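Asks: Contents are TSV, C-alpha atoms; file name protein38.tsv:
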```
chain	number	residue	atom	x	y	z
H	1	MET	CA	3.01	136.21	17.87
H	2	ASN	CA	-0.40	137.03	19.35
H	3	THR	CA	0.67	135.61	22.69
H	4	THR	CA	3.70	137.87	22.69
H	5	LYS	CA	1.55	140.91	21.96
H	6	ILE	CA	-0.86	140.00	24.72
H	7	LEU	CA	1.93	139.54	27.23
H	8	ALA	CA	3.46	142.81	26.19
H	9	GLY	CA	0.13	144.55	26.63
H	10	VAL	CA	-0.34	143.05	30.06
H	11	ALA	CA	3.14	144.14	31.08
H	12	VAL	CA	2.45	147.69	29.92
H	13	MET	CA	-0.85	147.71	31.80
H	14	LEU	CA	0.84	146.47	34.97
H	15	LEU	CA	3.48	149.16	34.63
H	16	LEU	CA	0.80	151.79	34.20
H	17	ILE	CA	-1.06	150.50	37.25
H	18	ALA	CA	2.14	150.45	39.29
H	19	ALA	CA	3.03	153.93	38.13
H	20	GLY	CA	-0.45	155.14	38.94
H	21	PHE	CA	-0.38	153.56	42.37
H	22	PHE	CA	3.06	154.99	43.04
H	23	GLY	CA	1.93	158.40	41.87
H	24	TYR	CA	-1.18	158.25	44.05
H	25	THR	CA	0.87	157.17	47.05
H	26	GLN	CA	3.26	160.04	46.48
H	27	TYR	CA	0.34	162.43	46.19
H	28	GLU	CA	-1.12	161.12	49.47
H	29	GLN	CA	2.18	161.52	51.27
H	30	HIS	CA	2.76	164.99	49.84
H	31	SER	CA	-0.75	166.03	50.84
H	32	TYR	CA	-0.29	164.59	54.32
H	33	VAL	CA	3.03	166.38	54.80
H	34	LYS	CA	1.20	169.66	54.10
H	35	GLN	CA	-1.30	168.83	56.85
H	36	ALA	CA	1.49	167.85	59.21
H	37	VAL	CA	3.31	171.13	58.51
H	38	TYR	CA	0.14	173.05	59.34
H	39	ALA	CA	-0.33	170.98	62.50
H	40	GLU	CA	3.23	171.84	63.51
H	41	GLU	CA	2.55	175.54	63.03
H	42	VAL	CA	-0.61	175.31	65.15
H	43	ALA	CA	1.19	173.33	67.88
H	44	SER	CA	4.03	175.84	67.84
H	45	ASP	CA	1.61	178.79	68.16
H	46	ALA	CA	-0.10	177.04	71.09
H	47	ARG	CA	3.30	176.47	72.69
H	48	ASP	CA	4.29	180.12	72.32
H	49	VAL	CA	1.05	181.39	73.83
H	50	ALA	CA	1.18	178.94	76.75
H	51	LEU	CA	4.72	180.04	77.63
H	52	GLU	CA	3.57	183.67	77.84
H	53	CYS	CA	2.12	182.86	81.27
H	54	LYS	CA	5.66	183.52	82.51
H	55	GLY	CA	5.11	187.26	82.19
H	56	LEU	CA	1.70	187.44	83.85
H	57	SER	CA	1.37	189.49	87.02
H	58	GLY	CA	-0.68	187.03	89.06
H	59	ASN	CA	-3.91	189.02	88.90
H	60	PRO	CA	-6.68	186.95	87.22
H	61	ASP	CA	-8.77	190.12	86.77
H	62	SER	CA	-6.08	192.07	84.92
H	63	ASP	CA	-6.43	192.97	81.24
H	64	ALA	CA	-3.20	191.10	80.48
H	65	VAL	CA	-4.59	187.85	81.90
H	66	LYS	CA	-7.92	188.29	80.11
H	67	ASP	CA	-6.05	188.84	76.83
H	68	PHE	CA	-3.88	185.79	77.50
H	69	LEU	CA	-6.91	183.59	78.16
H	70	ALA	CA	-8.62	184.84	74.98
H	71	ARG	CA	-5.57	183.96	72.88
H	72	LEU	CA	-5.28	180.62	74.66
H	73	ASP	CA	-8.89	179.88	73.69
H	74	SER	CA	-8.06	180.73	70.08
H	75	VAL	CA	-5.03	178.45	69.79
H	76	GLN	CA	-6.94	175.68	71.56
H	77	ASP	CA	-9.65	175.88	68.89
H	78	ASN	CA	-7.02	175.77	66.13
H	79	LEU	CA	-5.33	172.82	67.79
H	80	LYS	CA	-8.60	170.90	68.05
H	81	GLN	CA	-9.44	171.54	64.39
H	82	ALA	CA	-5.98	170.42	63.26
H	83	THR	CA	-6.30	167.28	65.37
H	84	ASP	CA	-9.73	166.47	63.91
H	85	HIS	CA	-8.41	166.86	60.36
H	86	LEU	CA	-5.46	164.57	61.06
H	87	LYS	CA	-7.79	161.89	62.41
H	88	THR	CA	-9.29	161.47	58.92
H	89	ALA	CA	-6.16	162.28	56.90
H	90	ARG	CA	-4.92	160.00	54.12
H	91	THR	CA	-1.37	159.37	55.23
H	92	GLY	CA	-0.08	156.75	52.85
H	93	SER	CA	1.65	153.73	54.30
H	94	LYS	CA	4.74	155.72	55.26
H	95	TYR	CA	3.07	157.94	57.86
H	96	ARG	CA	0.14	155.83	59.05
H	97	THR	CA	1.70	154.98	62.44
H	98	THR	CA	3.35	158.38	62.75
H	99	ASN	CA	0.03	160.14	62.22
H	100	ALA	CA	-1.61	158.17	65.02
H	101	ASP	CA	1.26	159.23	67.30
H	102	LEU	CA	0.90	162.85	66.18
H	103	VAL	CA	-2.83	162.88	66.91
H	104	GLU	CA	-2.20	161.57	70.45
H	105	ALA	CA	0.50	164.21	70.97
H	106	LEU	CA	-1.79	167.06	69.90
H	107	ILE	CA	-4.56	165.80	72.16
H	108	LEU	CA	-2.07	165.76	75.03
H	109	GLU	CA	-1.12	169.36	74.25
H	110	GLU	CA	-4.82	170.29	74.29
H	111	ASN	CA	-5.09	168.78	77.78
H	112	ILE	CA	-2.08	170.77	78.95
H	113	LEU	CA	-3.57	174.02	77.67
H	114	GLU	CA	-6.84	173.28	79.47
H	115	ASP	CA	-4.91	172.88	82.72
H	116	VAL	CA	-3.02	176.13	82.08
H	117	GLN	CA	-6.37	177.84	81.63
H	118	ARG	CA	-7.66	176.40	84.92
H	119	VAL	CA	-4.67	177.64	86.90
H	120	VAL	CA	-4.57	181.11	85.36
H	121	LYS	CA	-8.33	181.63	85.71
H	122	ASP	CA	-8.47	180.59	89.36
H	123	PRO	CA	-5.08	180.21	91.07
H	124	SER	CA	-6.85	179.96	94.45
H	125	ASP	CA	-8.60	176.70	93.53
H	126	LYS	CA	-7.97	173.87	96.00
H	127	ASP	CA	-6.76	171.59	93.18
H	128	THR	CA	-4.23	174.05	91.74
H	129	ALA	CA	-1.17	172.21	93.09
H	130	ALA	CA	-2.40	168.90	91.68
H	131	THR	CA	-3.17	170.54	88.33
H	132	ILE	CA	0.35	171.98	88.07
H	133	ALA	CA	1.83	168.59	88.99
H	134	ARG	CA	-0.21	167.06	86.16
H	135	VAL	CA	1.06	169.75	83.77
H	136	LYS	CA	4.65	168.90	84.66
H	137	GLN	CA	4.11	165.20	83.96
H	138	ASN	CA	2.26	165.85	80.70
H	139	VAL	CA	4.87	168.34	79.47
H	140	GLU	CA	7.59	165.75	79.94
H	141	GLU	CA	5.53	163.13	78.09
H	142	LEU	CA	4.75	165.58	75.27
H	143	LYS	CA	8.44	166.36	74.86
H	144	ASP	CA	9.21	162.64	74.52
H	145	ARG	CA	6.42	162.21	71.96
H	146	GLY	CA	7.69	165.17	69.93
H	147	ALA	CA	11.18	163.67	69.78
H	148	LYS	CA	9.77	160.50	68.20
H	149	LEU	CA	7.80	162.25	65.44
H	150	SER	CA	9.68	162.19	62.15
H	151	ILE	CA	7.82	163.88	59.31
H	152	GLU	CA	9.65	165.72	56.55
H	153	LYS	CA	9.57	169.53	56.64
H	154	THR	CA	8.47	169.54	60.31
H	155	ASP	CA	10.17	170.08	63.66
H	156	PHE	CA	7.90	168.70	66.34
H	157	VAL	CA	10.83	168.49	68.77
H	158	ARG	CA	10.61	172.28	69.14
H	159	ALA	CA	6.88	172.66	68.53
H	160	LEU	CA	5.95	170.29	71.36
H	161	ASP	CA	8.58	171.42	73.86
H	162	LEU	CA	6.73	173.40	76.55
H	163	GLN	CA	9.91	173.83	78.57
H	164	ASN	CA	9.40	174.38	82.31
H	165	LEU	CA	5.74	175.38	82.02
H	166	ASP	CA	4.94	174.00	85.48
H	167	GLU	CA	7.49	176.34	87.09
H	168	MET	CA	5.97	179.28	85.24
H	169	LEU	CA	2.55	178.37	86.59
H	170	ASN	CA	3.94	178.02	90.11
H	171	SER	CA	5.50	181.46	89.76
H	172	TYR	CA	2.15	182.87	88.63
H	173	VAL	CA	0.41	181.34	91.65
H	174	LYS	CA	3.08	182.78	93.99
H	175	LYS	CA	2.58	186.23	92.48
H	176	TYR	CA	-1.16	185.86	92.99
H	177	ARG	CA	-0.76	184.84	96.63
H	178	ALA	CA	1.69	187.66	97.26
H	179	ALA	CA	-0.74	190.16	95.73
H	180	VAL	CA	-3.60	188.77	97.80
H	181	GLY	CA	-1.44	188.95	100.92
H	182	ALA	CA	-0.46	192.54	100.17
H	183	THR	CA	-4.10	193.46	99.55
H	184	LYS	CA	-5.16	191.84	102.80
H	185	ALA	CA	-2.33	193.56	104.67
H	186	ALA	CA	-3.29	196.93	103.17
H	187	ALA	CA	-6.95	196.32	104.02
H	188	ALA	CA	-6.02	195.31	107.56
H	189	LYS	CA	-3.84	198.40	107.91
H	190	ALA	CA	-6.63	200.62	106.62
H	191	ALA	CA	-9.15	198.92	108.91
H	192	ASN	CA	-6.79	199.32	111.86
H	193	ALA	CA	-6.31	203.00	111.07
H	194	GLN	CA	-10.07	203.42	110.76
H	195	ASN	CA	-10.64	201.59	114.04
H	196	GLN	CA	-8.07	203.78	115.78
H	197	ALA	CA	-9.71	206.89	114.38
H	198	MET	CA	-13.12	205.63	115.48
H	199	ALA	CA	-11.78	204.83	118.94
H	200	ALA	CA	-10.24	208.31	119.19
H	201	ASN	CA	-13.54	209.88	118.13
H	202	PHE	CA	-15.38	207.71	120.64
H	203	LYS	CA	-13.00	208.71	123.44
H	204	ALA	CA	-13.40	212.37	122.51
H	205	ARG	CA	-17.19	212.01	122.70
H	206	LEU	CA	-16.82	210.12	125.98
H	207	MET	CA	-14.78	212.86	127.68
H	208	GLY	CA	-16.54	214.90	130.35
H	209	ARG	CA	-18.83	214.30	133.32
H	210	TRP	CA	-21.90	212.10	133.29
H	211	CYS	CA	-24.70	211.75	135.80
H	212	GLN	CA	-27.71	209.49	136.29
H	213	TYR	CA	-30.45	212.06	136.30
H	214	GLY	CA	-32.01	212.73	139.70
H	215	THR	CA	-29.26	210.87	141.64
H	216	ASP	CA	-25.77	211.48	142.96
H	217	ASN	CA	-24.47	208.62	140.77
H	218	ASP	CA	-21.91	210.30	138.52
H	219	PHE	CA	-18.52	209.70	136.92
H	220	SER	CA	-16.06	211.39	134.59
H	221	CYS	CA	-14.03	210.31	131.59
H	222	ASP	CA	-10.85	211.84	130.17
H	223	THR	CA	-8.12	210.72	127.75
H	224	VAL	CA	-6.73	208.31	130.36
H	225	GLY	CA	-9.81	206.50	131.53
H	226	ILE	CA	-12.85	206.60	133.80
H	227	ILE	CA	-12.90	208.41	137.14
H	228	TYR	CA	-15.27	207.78	140.05
H	229	PRO	CA	-15.45	210.28	142.94
H	230	ASN	CA	-14.98	208.87	146.44
H	231	GLU	CA	-18.18	210.32	147.79
H	232	PRO	CA	-20.79	211.48	145.27
H	233	GLY	CA	-22.40	214.76	146.17
H	234	PRO	CA	-21.30	218.19	147.35
H	235	GLY	CA	-18.06	218.41	149.26
H	236	TYR	CA	-16.42	215.14	148.11
H	237	GLN	CA	-12.64	215.18	148.23
H	238	LYS	CA	-9.78	214.07	146.00
H	239	PRO	CA	-8.23	211.75	145.08
H	240	PHE	CA	-10.79	210.09	142.84
H	241	LYS	CA	-10.76	206.42	141.91
H	242	ARG	CA	-9.33	206.13	138.40
H	243	TYR	CA	-9.50	203.15	136.02
H	244	PRO	CA	-7.47	203.72	132.83
H	245	TYR	CA	-8.69	202.29	129.54
H	246	ARG	CA	-7.22	198.88	128.81
H	247	SER	CA	-8.88	198.56	125.42
H	248	ILE	CA	-11.64	200.05	123.30
H	249	GLN	CA	-13.04	197.57	120.79
H	250	ASN	CA	-15.92	197.06	118.35
H	251	VAL	CA	-16.45	200.77	117.84
H	252	THR	CA	-19.36	201.64	115.57
H	253	TYR	CA	-20.87	204.94	114.50
H	254	ASP	CA	-24.33	205.55	113.10
H	255	ALA	CA	-24.17	208.89	111.31
H	256	VAL	CA	-27.94	209.08	110.86
H	257	GLN	CA	-28.61	208.64	114.58
H	258	ASP	CA	-25.29	210.32	115.58
H	259	THR	CA	-24.64	207.38	117.91
H	260	TYR	CA	-21.38	205.71	118.97
H	261	THR	CA	-21.15	202.24	120.51
H	262	ALA	CA	-18.08	200.42	121.86
H	263	ASP	CA	-16.94	197.72	124.27
H	264	VAL	CA	-14.61	199.38	126.75
H	265	THR	CA	-12.39	197.37	129.11
H	266	PHE	CA	-10.86	199.20	132.06
H	267	SER	CA	-7.81	198.45	134.18
H	268	ASN	CA	-10.02	196.81	136.82
H	269	GLY	CA	-10.82	194.12	134.24
H	270	LYS	CA	-14.42	195.13	133.78
H	271	THR	CA	-15.85	195.56	130.28
H	272	ASN	CA	-18.78	197.87	129.64
H	273	HIS	CA	-20.80	198.19	126.46
H	274	ILE	CA	-21.21	201.95	126.14
H	275	VAL	CA	-23.63	203.79	123.89
H	276	ILE	CA	-23.34	207.55	123.38
H	277	ARG	CA	-26.31	209.17	121.69
H	278	GLY	CA	-25.60	212.58	120.26
H	279	ASN	CA	-23.39	214.40	122.72
H	280	THR	CA	-25.75	214.38	125.67
H	281	THR	CA	-26.82	210.82	126.56
H	282	LEU	CA	-24.71	207.82	127.60
H	283	GLU	CA	-25.85	204.26	128.34
H	284	LYS	CA	-23.66	202.00	130.46
H	285	GLY	CA	-24.64	198.77	132.18
H	286	GLY	CA	-28.32	199.33	131.43
H	287	VAL	CA	-28.26	202.76	133.10
H	288	THR	CA	-28.76	206.04	131.22
H	289	TYR	CA	-26.55	209.02	132.08
H	290	GLN	CA	-26.63	212.61	130.91
H	291	ARG	CA	-23.74	214.94	130.29
H	292	MET	CA	-22.94	217.36	133.10
H	293	SER	CA	-21.13	220.67	133.25
H	294	GLY	CA	-17.81	220.74	135.08
H	295	ASN	CA	-14.96	218.23	134.86
H	296	ALA	CA	-13.38	215.33	136.73
H	297	ASP	CA	-11.39	217.58	139.02
H	298	SER	CA	-14.33	219.65	140.19
H	299	SER	CA	-14.80	219.54	143.96
H	300	THR	CA	-18.46	220.35	143.80
H	301	HIS	CA	-21.32	218.36	142.40
H	302	ALA	CA	-22.21	219.54	138.89
H	303	VAL	CA	-25.69	220.02	137.54
H	304	VAL	CA	-27.13	218.40	134.45
H	305	ASP	CA	-26.72	220.54	131.36
H	306	GLN	CA	-30.00	222.00	130.19
```
Would you encode the structure as structure tokens?

Replies:
Amino acid sequence: MNTTKILAGVAVMLLLIAAGFFGYTQYEQHSYVKQAVYAEEVASDARDVALECKGLSGNPDSDAVKDFLARLDSVQDNLKQATDHLKTARTGSKYRTTNADLVEALILEENILEDVQRVVKDPSDKDTAATIARVKQNVEELKDRGAKLSIEKTDFVRALDLQNLDEMLNSYVKKYRAAVGATKAAAAKAANAQNQAMAANFKARLMGRWCQYGTDNDFSCDTVGIIYPNEPGPGYQKPFKRYPYRSIQNVTYDAVQDTYTADVTFSNGKTNHIVIRGNTTLEKGGVTYQRMSGNADSSTHAVVDQ
């Protein structure tokens, strides 16, 4: 009789222990599923933000890109926290292996987001192409990992599917390069227009007759080029030797000193560095000339302007 009671008591105790263990296991699994659901939400948010790079203009300094990077930082922090919590989660026997796979998948997504950040911040970096290639490979691996994760109430197949993220990043880089090219072209066009204007101003300042003071060494310049008289001095005859401008380059203007400088190449192949100070003094070939009255067609020797 006593033996029967003892056995019955032991059986009841074992049932209570089993029930308690089962209940605890169920509690662990239920608690873990809640963590997994949260991790899925975080991974999904990270996915959605990363895919927004598709709409970026390609300008790293734009407000849209700065806002994108700020939100990317935020979801990266959330992803890291969720991953850290899962590393120490009580999973129960059912999800022990699955949780380890989930942690690895979330770490891989973190790595992808870091690469997205690198490309968007500095699309001109020399390693950009290699970074995008790595993103492509990791996105494919992440998609495979998501397909293998089976946790109730979660959909990691969608949450970890970053689609064609590498193509979006390539498109962003192309937009950046196109914008840079357009900016450079506009700058070159503006510089060319400025150079042409400077050259025109230089030629206008150059026009007229110039003489080395105290000598018969003189010449004239007009819109076509430089003109040398056949015989300097009174009574020289036409025609004059003319050397049209071939090019006017490296024009500079110092507004404070009111001085133009330029390298002028004439049709005879000679290049002279010419300096015009104010509107009265010209330096060419180490010789200083002063502006004269008269013009290139004058048949008499002009005098230096006073």

Asks: Could you tell me how far CA of Cys221 in chain H sits from CA of Gln194 in chain H, in Å to one decimal place?

Replies: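 Taking CA of Gln194 in chain H and CA of Cys221 in chain H, their separation equals 22.3 Å.
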
Asks: Have a look at H:Lys136, H:Lys284, H:Lys34, H:Arg246 and name the one nearest to Ser267 in chain H; count all atoms listed in the file.

Replies: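 Comparing H:Lys136, H:Lys284, H:Lys34, H:Arg246 against Ser267 in chain H, the winner is H:Arg246.
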
Asks: Which residue gives the smallest distance to Leu56 in chain H among H:Ala187, H:Val135, H:Met207, H:Val120, with all atoms listed in the file counted?

Replies: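 For Leu56 in chain H, the nearest of the given residues is H:Val120.
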
Asks: Find the spatial neighbours of range 171-175 of chain H, counting all atoms listed in the file, within a cut-off of 9 Å - ignore same-chain residues fewer than 3 positions away - and output them as an NGL selection string.

Replies: :H and (53-59 or 119-120 or 123-124 or 128 or 166-168 or 178-180)

Asks: Taking all atoms listed in the file into account, which of H:Lys80, H:Arg71, H:Lys148, H:Arg90 comes nearest Glu109 in chain H?

Replies: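 Under the stated criterion, the closest residue is H:Lys80.
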
Asks: Env of range 271-277 of chain H: 7 Å cut, atoms = only C-alpha atoms, seq-sep filter 3 positions within chain, self excluded. Answer as a VMD selection string.

Replies: chain H and resid 258 to 266 280 to 285

Asks: Go ahead and save the residues from that selection, with C-alpha atoms, as an mmCIF file, in the frame of the given file.

Replies:
```cif
data_model
loop_
_atom_site.group_PDB
_atom_site.id
_atom_site.type_symbol
_atom_site.label_atom_id
_atom_site.label_comp_id
_atom_site.auth_asym_id
_atom_site.auth_seq_id
_atom_site.Cartn_x
_atom_site.Cartn_y
_atom_site.Cartn_z
ATOM 1 C CA ASP H 258 -25.290 210.320 115.580
ATOM 2 C CA THR H 259 -24.640 207.380 117.910
ATOM 3 C CA TYR H 260 -21.380 205.710 118.970
ATOM 4 C CA THR H 261 -21.150 202.240 120.510
ATOM 5 C CA ALA H 262 -18.080 200.420 121.860
ATOM 6 C CA ASP H 263 -16.940 197.720 124.270
ATOM 7 C CA VAL H 264 -14.610 199.380 126.750
ATOM 8 C CA THR H 265 -12.390 197.370 129.110
ATOM 9 C CA PHE H 266 -10.860 199.200 132.060
ATOM 10 C CA THR H 280 -25.750 214.380 125.670
ATOM 11 C CA THR H 281 -26.820 210.820 126.560
ATOM 12 C CA LEU H 282 -24.710 207.820 127.600
ATOM 13 C CA GLU H 283 -25.850 204.260 128.340
ATOM 14 C CA LYS H 284 -23.660 202.000 130.460
ATOM 15 C CA GLY H 285 -24.640 198.770 132.180
#
```

Asks: For a test of reading the model, state the distance in Å between CA of Ala89 in chain H and CA of Glu141 in chain H, rounded to one decimal.

Replies: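 CA of Ala89 in chain H sits 24.2 Å away from CA of Glu141 in chain H.
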
Asks: Using all atoms listed in the file, which of the listed residues (H:Arg177, H:Lys143, H:Thr83, H:Thr183) sits closest to Asp155 in chain H?

Replies: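 Result for the nearest residue to Asp155 in chain H: H:Lys143.
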
Asks: Measure the distance from CA of Val256 in chain H to CA of Gly278 in chain H in Å and round it to one decimal.

Replies: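 For CA of Val256 in chain H relative to CA of Gly278 in chain H, the distance reads 10.3 Å.
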
Asks: So which residues touch Ala46 in chain H within 8 Å, counting all atoms listed in the file, skipping near sequence neighbours fewer than 4 positions away, as a PDB file with C-alpha atoms, in the coordinates of the input?

Replies:
```
ATOM      1  CA  VAL H  42      -0.610 175.310  65.150  1.00  0.00           C
ATOM      2  CA  ALA H  50       1.180 178.940  76.750  1.00  0.00           C
ATOM      3  CA  LEU H  72      -5.280 180.620  74.660  1.00  0.00           C
ATOM      4  CA  VAL H  75      -5.030 178.450  69.790  1.00  0.00           C
ATOM      5  CA  GLN H  76      -6.940 175.680  71.560  1.00  0.00           C
ATOM      6  CA  LEU H  79      -5.330 172.820  67.790  1.00  0.00           C
TER       7      LEU H  79
END
```

Asks: Could you check which of H:Arg145, H:Glu114, H:Thr252, H:Leu206 is closest to Ala100 in chain H, using all atoms listed in the file?

Replies: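 Residue with the minimum atom-to-atom distance to Ala100 in chain H: H:Arg145.
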
Asks: Using only C-alpha atoms, which residue out of H:Arg291, H:His85, H:His30, H:Lys241 lies closest to Ile226 in chain H?

Replies: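 Among H:Arg291, H:His85, H:His30, H:Lys241, it is H:Lys241 that comes nearest to Ile226 in chain H.
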